[in-house]
Amino acid sequence: MRIGLFGGTFDPIHWGHLRSAEEVSEAFGLDRLYFIPASVPPHKRGQTATPARDRLRMVRLGVARNPRFSVSTAEIARRGVSYSIDTIREFAAKRRRGDTLFFIIGLDAFREIGSWKDFAEIFPLCNFIVTSRPGSKERDPLRGTGVAVKRLFCYDLKQKNYRHRSGTRIYFIELTDIAISASEVRELVRKRKSIRYLVPSSVAKYIKRRGLYRGLRGSGSR
């Protein structure tokens with residue numbers, strides 16, 4: 001199976017997340033794509049986030065009608081800071097022979113990968129699919145990542161992507177421009193404004209029922 005791993009805070013999940021996952025799944029022929037809500041994102045420690053149980057429930061509601069999408073509780077069950085290397089190791093240990101893992105990440109986040117925990121150990125475990133941010137025309141995912149990352153890869157002229165010495169690859173895909181952010185959704189809720197067509201209706205109903213985001217300013221997560 002070709003398996004995608006899509007991590008994030010998902011506070012809340014919105015149509016931008018879902019459309020991106022759909023386009024990546026189609027482009028790379030993924031059999032299964034796991035949405036993986038973080039327990040505590042490393043880059044957002046100390047910031048207020050919606051309780052994990054609520055974010056997890058919203059993700060489950062958001063992906064419920066897509067048979068190719070699933071939800072993993074790997075990071076929430078592990079608790080503490082959610083490091084990608086730990087999650088990828090967990091999936092790599094469980095994969096069956098012949099399975100291929102693809103870690104899905106936005107371009108801006110990928111360019112900070114040199115600061116991640118044990119980043120060099122991630123690349124042999126899975127392929128990377130680097131997605132463009134809305135409005136970006138950048139086609140070189142390694143630009144700006146730093147020498148420590150670049151030296152681990154060589155450019156494959158034939159396939160027009162980067163290959164790690166272990167054989168895994170970095171793929172780049174430019175997605176449909178859907179400029180929705182979770183912080184925007186939270187701010188609209190706080191101001192008692194409509195979030196219709198920004199999130200699935202089931203997620204909007206859950207937010208209303210639970211009274212989420214009513215008294216809090218957005219934390220800036222996507």
# chains A, B, ... in the order shown; residues from 1 in each chain; ligands from 1
$ residues_around --residues "range 83-97 of chain A" --least-positions-apart "4" --cutoff "8 Å" --atoms "only C-alpha atoms" --output "MDAnalysis selection string"
chainID A and resid 41:42 74:75 101 116:119 121:122 125:126
$ select_by_dssp --residues "range 75-176 of chain A" --states "strand (DSSP E)" --output "ChimeraX atom specification"
/A:100-106,127-131,153-156,161-164,169-173
$ closest_residue --among "A:Met58, A:Leu157, A:Val81, A:Val63" --to "Arg19 in chain A" --atoms "only C-alpha atoms"
A:Val63
$ closest_residue --among "A:Arg151, A:Arg2, A:Arg139, A:Arg169" --to "Phe123 in chain A" --atoms "only C-alpha atoms"
A:Arg169
$ residues_around --residues "Glu26 in chain A" --least-positions-apart "3" --cutoff "12 Å" --atoms "only C-alpha atoms" --output "list in words"
Arg2, Gly4, Arg19, Ser20, Ala21, Glu22, Glu23, Gly29, Leu30, Asp31, Arg32, Leu33, Arg68, Phe69, Ile173 and Leu175 of chain A
$ select_by_dssp --residues "range 28-159 of chain A" --states "helix (DSSP H, G or I)" --output "VMD selection string"
chain A and resid 28 42 to 44 52 to 63 74 to 78 84 to 94 107 to 110 113 to 115 119 to 122 147 to 150
$ write_last_selection --atoms "N, CA and C atoms" --output "CSV table (one decimal), in the first residue's frame"
chain,number,residue,atom,x,y,z
A,28,PHE,N,-0.5,11.1,-6.2
A,28,PHE,CA,0.4,10.0,-5.8
A,28,PHE,C,-0.2,8.6,-5.7
A,42,PRO,N,5.8,20.8,18.5
A,42,PRO,CA,7.1,21.4,19.1
A,42,PRO,C,7.2,22.9,18.9
A,43,HIS,N,6.7,23.4,17.8
A,43,HIS,CA,6.8,24.8,17.5
A,43,HIS,C,5.8,25.7,18.2
A,44,LYS,N,4.8,25.0,18.9
A,44,LYS,CA,3.8,25.8,19.6
A,44,LYS,C,3.7,25.5,21.1
A,52,ALA,N,-7.1,18.1,23.0
A,52,ALA,CA,-6.8,17.1,22.0
A,52,ALA,C,-8.1,16.4,21.6
A,53,ARG,N,-8.9,16.1,22.6
A,53,ARG,CA,-10.2,15.3,22.3
A,53,ARG,C,-11.1,16.0,21.4
A,54,ASP,N,-11.1,17.4,21.5
A,54,ASP,CA,-12.0,18.1,20.6
A,54,ASP,C,-11.4,18.2,19.2
A,55,ARG,N,-10.1,18.4,19.1
A,55,ARG,CA,-9.5,18.4,17.8
A,55,ARG,C,-9.6,17.1,17.1
A,56,LEU,N,-9.4,16.0,17.8
A,56,LEU,CA,-9.5,14.7,17.3
A,56,LEU,C,-10.9,14.4,16.8
A,57,ARG,N,-11.9,14.8,17.5
A,57,ARG,CA,-13.3,14.6,17.1
A,57,ARG,C,-13.6,15.4,15.9
A,58,MET,N,-13.1,16.6,15.8
A,58,MET,CA,-13.3,17.4,14.6
A,58,MET,C,-12.7,16.8,13.3
A,59,VAL,N,-11.5,16.2,13.5
A,59,VAL,CA,-10.8,15.6,12.4
A,59,VAL,C,-11.6,14.4,11.9
A,60,ARG,N,-12.1,13.6,12.9
A,60,ARG,CA,-12.9,12.4,12.5
A,60,ARG,C,-14.2,12.8,11.8
A,61,LEU,N,-14.8,13.9,12.2
A,61,LEU,CA,-16.0,14.3,11.5
A,61,LEU,C,-15.7,14.8,10.1
A,62,GLY,N,-14.5,15.5,10.0
A,62,GLY,CA,-14.2,16.1,8.7
A,62,GLY,C,-13.8,15.1,7.7
A,63,VAL,N,-13.2,13.9,8.1
A,63,VAL,CA,-12.8,12.9,7.1
A,63,VAL,C,-13.8,11.8,6.9
A,74,ALA,N,-1.9,8.4,17.0
A,74,ALA,CA,-0.5,8.1,17.4
A,74,ALA,C,0.1,9.1,18.3
A,75,GLU,N,0.0,10.4,17.9
A,75,GLU,CA,0.6,11.5,18.7
A,75,GLU,C,-0.2,11.8,19.9
A,76,ILE,N,-1.5,11.8,19.8
A,76,ILE,CA,-2.3,12.1,21.0
A,76,ILE,C,-2.2,11.1,22.1
A,77,ALA,N,-2.1,9.8,21.7
A,77,ALA,CA,-2.0,8.7,22.6
A,77,ALA,C,-0.6,8.7,23.3
A,78,ARG,N,0.4,9.2,22.5
A,78,ARG,CA,1.8,9.3,23.0
A,78,ARG,C,1.9,10.4,24.0
A,84,SER,N,7.9,14.5,14.9
A,84,SER,CA,7.6,13.7,13.7
A,84,SER,C,8.4,12.5,13.6
A,85,ILE,N,9.7,12.5,14.1
A,85,ILE,CA,10.5,11.3,14.0
A,85,ILE,C,9.9,10.2,14.8
A,86,ASP,N,9.3,10.5,15.9
A,86,ASP,CA,8.7,9.4,16.7
A,86,ASP,C,7.5,8.8,16.0
A,87,THR,N,6.7,9.7,15.4
A,87,THR,CA,5.5,9.2,14.6
A,87,THR,C,5.9,8.4,13.4
A,88,ILE,N,6.9,8.8,12.7
A,88,ILE,CA,7.3,8.1,11.5
A,88,ILE,C,7.9,6.8,11.8
A,89,ARG,N,8.7,6.8,12.9
A,89,ARG,CA,9.3,5.5,13.3
A,89,ARG,C,8.1,4.5,13.7
A,90,GLU,N,7.1,5.0,14.3
A,90,GLU,CA,6.0,4.1,14.7
A,90,GLU,C,5.3,3.5,13.5
A,91,PHE,N,5.1,4.3,12.5
A,91,PHE,CA,4.4,3.8,11.3
A,91,PHE,C,5.4,2.9,10.5
A,92,ALA,N,6.7,3.3,10.5
A,92,ALA,CA,7.6,2.4,9.8
A,92,ALA,C,7.8,1.1,10.4
A,93,ALA,N,7.7,1.0,11.7
A,93,ALA,CA,7.8,-0.3,12.4
A,93,ALA,C,6.6,-1.2,12.1
A,94,LYS,N,5.4,-0.6,11.8
A,94,LYS,CA,4.2,-1.4,11.6
A,94,LYS,C,3.9,-1.7,10.2
A,107,LEU,N,5.6,23.6,2.3
A,107,LEU,CA,6.9,24.1,1.9
A,107,LEU,C,7.5,24.9,3.0
A,108,ASP,N,6.8,25.8,3.6
A,108,ASP,CA,7.4,26.6,4.7
A,108,ASP,C,7.9,25.7,5.9
A,109,ALA,N,7.1,24.8,6.3
A,109,ALA,CA,7.5,23.9,7.4
A,109,ALA,C,8.7,23.0,7.0
A,110,PHE,N,8.7,22.6,5.7
A,110,PHE,CA,9.8,21.7,5.3
A,110,PHE,C,11.2,22.5,5.3
A,113,ILE,N,13.1,22.0,8.5
A,113,ILE,CA,13.3,20.7,8.9
A,113,ILE,C,14.7,20.5,9.5
A,114,GLY,N,15.6,21.3,9.2
A,114,GLY,CA,17.0,21.1,9.8
A,114,GLY,C,17.0,21.4,11.3
A,115,SER,N,15.9,22.0,11.8
A,115,SER,CA,15.9,22.3,13.2
A,115,SER,C,15.0,21.2,14.0
A,119,PHE,N,16.4,15.0,12.6
A,119,PHE,CA,15.9,15.2,11.2
A,119,PHE,C,16.5,14.3,10.2
A,120,ALA,N,17.8,14.0,10.3
A,120,ALA,CA,18.5,13.2,9.4
A,120,ALA,C,18.1,11.8,9.4
A,121,GLU,N,17.5,11.3,10.5
A,121,GLU,CA,17.0,10.0,10.6
A,121,GLU,C,15.6,9.8,10.0
A,122,ILE,N,15.0,10.9,9.7
A,122,ILE,CA,13.6,10.7,9.1
A,122,ILE,C,13.7,10.3,7.7
A,147,VAL,N,22.6,23.7,4.4
A,147,VAL,CA,23.6,22.7,3.9
A,147,VAL,C,23.4,21.4,4.5
A,148,ALA,N,23.1,21.3,5.8
A,148,ALA,CA,22.9,20.0,6.5
A,148,ALA,C,21.9,19.1,5.9
A,149,VAL,N,20.8,19.7,5.3
A,149,VAL,CA,19.8,18.9,4.6
A,149,VAL,C,20.2,18.7,3.2
A,150,LYS,N,20.7,19.7,2.5
A,150,LYS,CA,21.0,19.5,1.1
A,150,LYS,C,22.0,18.5,0.8
$ closest_residue --among "A:Ala64, A:Val189, A:Val24, A:Leu198" --to "Gly106 in chain A" --atoms "only C-alpha atoms"
A:Val24
$ closest_residue --among "A:Val130, A:Ile178, A:Ala204, A:Leu188" --to "Tyr162 in chain A" --atoms "only C-alpha atoms"
A:Val130
$ closest_residue --among "A:Phe35, A:Tyr171, A:Tyr206, A:Phe10" --to "Thr131 in chain A" --atoms "only C-alpha atoms"
A:Tyr171
$ residues_around --residues "Cys154 in chain A" --least-positions-apart "2" --cutoff "12 Å" --atoms "only C-alpha atoms" --output "list in words"
Leu142, Val149, Lys150, Arg151, Leu152, Asp156, Leu157, Lys158, Gln159, Lys160, Asn161, Tyr162, Arg163, His164, Arg165, Ser166, Gly167, Thr168, Arg169 and Ile170 of chain A
$ atom_distance --atom1 "CA of Arg79 in chain A" --atom2 "CA of Gly211 in chain A"
24.3 Å
$ atom_distance --atom1 "CA of Pro67 in chain A" --atom2 "CA of Ile13 in chain A"
17.3 Å
$ closest_residue --among "A:Ser132, A:Ser181, A:Ala49, A:Lys193" --to "His17 in chain A" --atoms "only C-alpha atoms"
A:Ser181
